[in-house]
Amino acid sequence: MQPPRRQPELVEGSLPVFVFPTELLFYADEQASHKQVLTLYNPYEFALKFKVLCTAPSKYAVVDASGAVKPQCCVDIVIRHRDVRACHYGVIDKFRLQVSEQSQRKALGRKEVIATLLPSAQEQQQQQRQQEEEERRVKEQLTDSVFFEQAAFQQESRSPSTGPSLLTVLLGLVCVAALMLPTLGEIESIVPVYLHLSVNKKLVAAYVLGLLTMVILRT
């Protein structure tokens with residue numbers, strides 16, 4: 001008879017924590033949005049106990065801020081915004097979910113979720129549409145510029161190649177810098193929040209960088 005396998009000891013803070021969503025948006029003009037649900041998943045073969053911490057506990061009511069999750073199960077954590085005022089619009093608060101084994105006190109893993117109160121859902125959706133439209137226009141302009149320059153290089157095939165132009169190099173450096181900036185929503189970063197880029201903007205930068213790479217390789 002084989003002895004039972006011992007579970008390897010986990011290092012504090014090394015256990016991945018699975019939470020959805022990773023961002024909570026509350027809208028002042030939508031009463032239904034003042035109640036949000038965080039779902040904590042436990043894909044492991046052992047039970048977890050959890051605890052929810054917040055940087056602004058006076059603004060929120062957390063139902064069941066601590067508890068346990070059975071193996072390969074999930075639990076819903078209800079969070080209510082109870083201080084909906086204009087002075088809190090745009091303020092980013094943070095929730096931290098800490099998990100540990102039921103028999104231990106040390107936190108095996110942690111995950112941060114940001115929460116923001118916005119004045120209107122319609123305004124947010126309109127701003128998002130405007131941002132997507134602006135990104136689409138920028139993408140089209142950059143794409144046209146790259147292909148125009150590529151066509152110019154092809155027309156100058158009689159002259160010896162002198163390498164990529166200054167415009168191509170500068171555009172490439174801008175795209176690389178954009179990809180190196182933090183993504184919007186990242187918590188632990190020394191870069192100011194206004195320099196954090198959305199995923200869509202980074203996709204545009206990666207797309208344009210790929211086109212520029214093709215131009216440089218052909219020159």
# chains A, B, ... in the order shown; residues from 1 in each chain; ligands from 1
$ residues_around --residues "Ile190 (chain A)" --least-positions-apart "6" --cutoff "12 Å" --atoms "only C-alpha atoms" --output "ChimeraX atom specification"
/A:181-182,196
$ closest_residue --among "A:Asn42, A:Ser33, A:Thr183, A:Thr213" --to "Val78 (chain A)" --atoms "only C-alpha atoms"
A:Ser33
$ select_by_dssp --residues "region 49-135 of chain A" --states "helix (DSSP H, G or I)" --output "VMD selection string"
chain A and resid 57 to 59 86 to 88 121 to 135
$ closest_residue --among "A:Glu23, A:Glu101, A:Asp29, A:Asp93" --to "Phe50 (chain A)" --atoms "only C-alpha atoms"
A:Glu101
$ closest_residue --among "A:Leu195, A:Val19, A:Leu217, A:Ala28" --to "Asp83 (chain A)" --atoms "only C-alpha atoms"
A:Ala28
$ residues_around --residues "Cys73 (chain A)" --least-positions-apart "5" --cutoff "12 Å" --atoms "only C-alpha atoms" --output "PyMOL selection string"
chain A and resi 18+39-48+68
$ write_last_selection --atoms "C-alpha atoms" --output "PDB file, in the first residue's frame"
ATOM      1  CA  PHE A  18      -8.108  33.778  -9.678  1.00  0.00           C
ATOM      2  CA  THR A  39     -16.082  35.787  -7.884  1.00  0.00           C
ATOM      3  CA  LEU A  40     -13.138  34.007  -6.271  1.00  0.00           C
ATOM      4  CA  TYR A  41     -12.200  30.682  -7.887  1.00  0.00           C
ATOM      5  CA  ASN A  42     -10.335  27.837  -6.220  1.00  0.00           C
ATOM      6  CA  PRO A  43      -8.980  25.470  -8.910  1.00  0.00           C
ATOM      7  CA  TYR A  44      -6.736  23.675  -6.407  1.00  0.00           C
ATOM      8  CA  GLU A  45      -7.189  20.325  -4.675  1.00  0.00           C
ATOM      9  CA  PHE A  46      -7.183  21.843  -1.210  1.00  0.00           C
ATOM     10  CA  ALA A  47      -9.512  24.297   0.512  1.00  0.00           C
ATOM     11  CA  LEU A  48      -8.650  27.972   0.788  1.00  0.00           C
ATOM     12  CA  ALA A  68     -13.522  29.649   2.833  1.00  0.00           C
TER      13      ALA A  68
END
$ select_by_dssp --residues "region 13-49 of chain A" --states "strand (DSSP E)" --output "ChimeraX atom specification"
/A:18-20,23-27,35-42,48-49
$ write_last_selection --atoms "N, CA, C and O atoms" --output "compact mmCIF listing (two decimals), in the first residue's frame"
# COMPACT_ATOMS: atom_id res chain seq x y z
N PHE A 18 -7.25 33.60 -8.52
CA PHE A 18 -8.11 33.78 -9.68
C PHE A 18 -9.39 34.49 -9.25
O PHE A 18 -10.22 33.92 -8.53
N VAL A 19 -9.53 35.74 -9.68
CA VAL A 19 -10.68 36.57 -9.32
C VAL A 19 -11.24 37.20 -10.59
O VAL A 19 -10.49 37.62 -11.48
N PHE A 20 -12.54 37.27 -10.67
CA PHE A 20 -13.21 37.95 -11.79
C PHE A 20 -14.38 38.76 -11.26
O PHE A 20 -15.16 38.27 -10.43
N GLU A 23 -11.67 44.55 -12.23
CA GLU A 23 -11.97 45.98 -12.09
C GLU A 23 -13.46 46.14 -11.83
O GLU A 23 -14.29 45.53 -12.51
N LEU A 24 -13.79 46.98 -10.85
CA LEU A 24 -15.18 47.25 -10.51
C LEU A 24 -15.50 48.69 -10.88
O LEU A 24 -14.79 49.61 -10.49
N LEU A 25 -16.59 48.88 -11.64
CA LEU A 25 -17.03 50.21 -12.03
C LEU A 25 -18.41 50.47 -11.44
O LEU A 25 -19.36 49.73 -11.72
N PHE A 26 -18.50 51.50 -10.63
CA PHE A 26 -19.77 51.92 -10.04
C PHE A 26 -20.20 53.22 -10.74
O PHE A 26 -19.37 54.10 -10.97
N TYR A 27 -21.49 53.31 -11.08
CA TYR A 27 -22.01 54.50 -11.75
C TYR A 27 -23.03 55.19 -10.84
O TYR A 27 -23.97 54.56 -10.35
N LYS A 35 -24.11 47.81 -6.53
CA LYS A 35 -23.84 46.48 -6.00
C LYS A 35 -23.07 45.69 -7.04
O LYS A 35 -23.54 45.51 -8.16
N GLN A 36 -21.87 45.26 -6.70
CA GLN A 36 -21.03 44.50 -7.60
C GLN A 36 -20.67 43.16 -6.96
O GLN A 36 -20.70 43.03 -5.72
N VAL A 37 -20.33 42.20 -7.79
CA VAL A 37 -20.01 40.85 -7.30
C VAL A 37 -18.62 40.45 -7.79
O VAL A 37 -18.34 40.51 -8.99
N LEU A 38 -17.78 40.06 -6.85
CA LEU A 38 -16.48 39.48 -7.17
C LEU A 38 -16.57 37.98 -7.00
O LEU A 38 -17.10 37.50 -5.99
N THR A 39 -16.08 37.24 -7.97
CA THR A 39 -16.08 35.79 -7.88
C THR A 39 -14.66 35.29 -7.68
O THR A 39 -13.78 35.57 -8.49
N LEU A 40 -14.45 34.58 -6.59
CA LEU A 40 -13.14 34.01 -6.27
C LEU A 40 -13.17 32.52 -6.59
O LEU A 40 -14.01 31.78 -6.08
N TYR A 41 -12.25 32.08 -7.45
CA TYR A 41 -12.20 30.68 -7.89
C TYR A 41 -11.08 29.95 -7.15
O TYR A 41 -10.01 30.50 -6.89
N ASN A 42 -11.35 28.70 -6.84
CA ASN A 42 -10.33 27.84 -6.22
C ASN A 42 -10.16 26.60 -7.10
O ASN A 42 -10.87 25.60 -6.95
N LEU A 48 -9.29 26.69 0.52
CA LEU A 48 -8.65 27.97 0.79
C LEU A 48 -9.55 28.81 1.69
O LEU A 48 -10.77 28.73 1.61
N LYS A 49 -8.93 29.57 2.55
CA LYS A 49 -9.67 30.60 3.25
C LYS A 49 -9.22 31.95 2.71
O LYS A 49 -8.07 32.11 2.28
$ atom_distance --atom1 "CA of Leu211 (chain A)" --atom2 "CA of Val191 (chain A)"
27.8 Å
$ closest_residue --among "A:Pro16, A:Asn200, A:Gln98, A:Asp76" --to "Val52 (chain A)" --atoms "only C-alpha atoms"
A:Gln98
$ closest_residue --among "A:Ile114, A:Ile79, A:Val169, A:Leu179" --to "Tyr60 (chain A)" --atoms "only C-alpha atoms"
A:Ile79
$ atom_distance --atom1 "CA of Glu112 (chain A)" --atom2 "CA of Pro21 (chain A)"
10.6 Å
$ atom_distance --atom1 "CA of Ile92 (chain A)" --atom2 "CA of Ala115 (chain A)"
5.7 Å
$ closest_residue --among "A:Val199, A:Met180, A:Ala206, A:Val215" --to "Ser165 (chain A)" --atoms "only C-alpha atoms"
A:Val215
$ residues_around --residues "Lys94 (chain A)" --least-positions-apart "3" --cutoff "9 Å" --atoms "only C-alpha atoms" --output "mmCIF file with N, CA, C and O atoms, in the first residue's frame"
data_model
loop_
_atom_site.group_PDB
_atom_site.id
_atom_site.type_symbol
_atom_site.label_atom_id
_atom_site.label_comp_id
_atom_site.auth_asym_id
_atom_site.auth_seq_id
_atom_site.Cartn_x
_atom_site.Cartn_y
_atom_site.Cartn_z
ATOM 1 N N LEU A 53 -9.549 42.904 1.914
ATOM 2 C CA LEU A 53 -9.118 44.170 2.495
ATOM 3 C C LEU A 53 -9.398 45.290 1.512
ATOM 4 O O LEU A 53 -9.507 45.063 0.303
ATOM 5 N N CYS A 54 -9.497 46.523 1.999
ATOM 6 C CA CYS A 54 -9.825 47.651 1.141
ATOM 7 C C CYS A 54 -9.084 48.893 1.614
ATOM 8 O O CYS A 54 -8.894 49.100 2.813
ATOM 9 N N THR A 55 -8.668 49.725 0.637
ATOM 10 C CA THR A 55 -7.983 50.971 0.978
ATOM 11 C C THR A 55 -8.941 52.046 1.469
ATOM 12 O O THR A 55 -8.499 53.045 2.050
ATOM 13 N N ALA A 56 -10.244 51.883 1.226
ATOM 14 C CA ALA A 56 -11.249 52.854 1.672
ATOM 15 C C ALA A 56 -12.440 52.107 2.250
ATOM 16 O O ALA A 56 -13.521 52.085 1.652
ATOM 17 N N GLU A 112 -5.091 42.064 -6.337
ATOM 18 C CA GLU A 112 -5.689 43.380 -6.151
ATOM 19 C C GLU A 112 -6.705 43.664 -7.248
ATOM 20 O O GLU A 112 -6.485 43.344 -8.419
ATOM 21 N N VAL A 113 -7.814 44.256 -6.838
ATOM 22 C CA VAL A 113 -8.889 44.639 -7.752
ATOM 23 C C VAL A 113 -9.150 46.121 -7.537
ATOM 24 O O VAL A 113 -9.309 46.565 -6.395
ATOM 25 N N ILE A 114 -9.177 46.894 -8.628
ATOM 26 C CA ILE A 114 -9.415 48.323 -8.490
ATOM 27 C C ILE A 114 -10.906 48.615 -8.626
ATOM 28 O O ILE A 114 -11.645 47.905 -9.319
ATOM 29 N N ALA A 115 -11.344 49.672 -7.938
ATOM 30 C CA ALA A 115 -12.749 50.071 -7.962
ATOM 31 C C ALA A 115 -12.815 51.576 -8.199
ATOM 32 O O ALA A 115 -12.075 52.342 -7.580
ATOM 33 N N THR A 116 -13.714 51.984 -9.095
ATOM 34 C CA THR A 116 -13.839 53.391 -9.455
ATOM 35 C C THR A 116 -15.304 53.777 -9.524
ATOM 36 O O THR A 116 -16.123 53.030 -10.068
ATOM 37 N N ILE A 187 -1.381 47.961 -11.041
ATOM 38 C CA ILE A 187 -1.352 48.617 -9.736
ATOM 39 C C ILE A 187 0.052 49.047 -9.356
ATOM 40 O O ILE A 187 0.312 50.220 -9.086
#
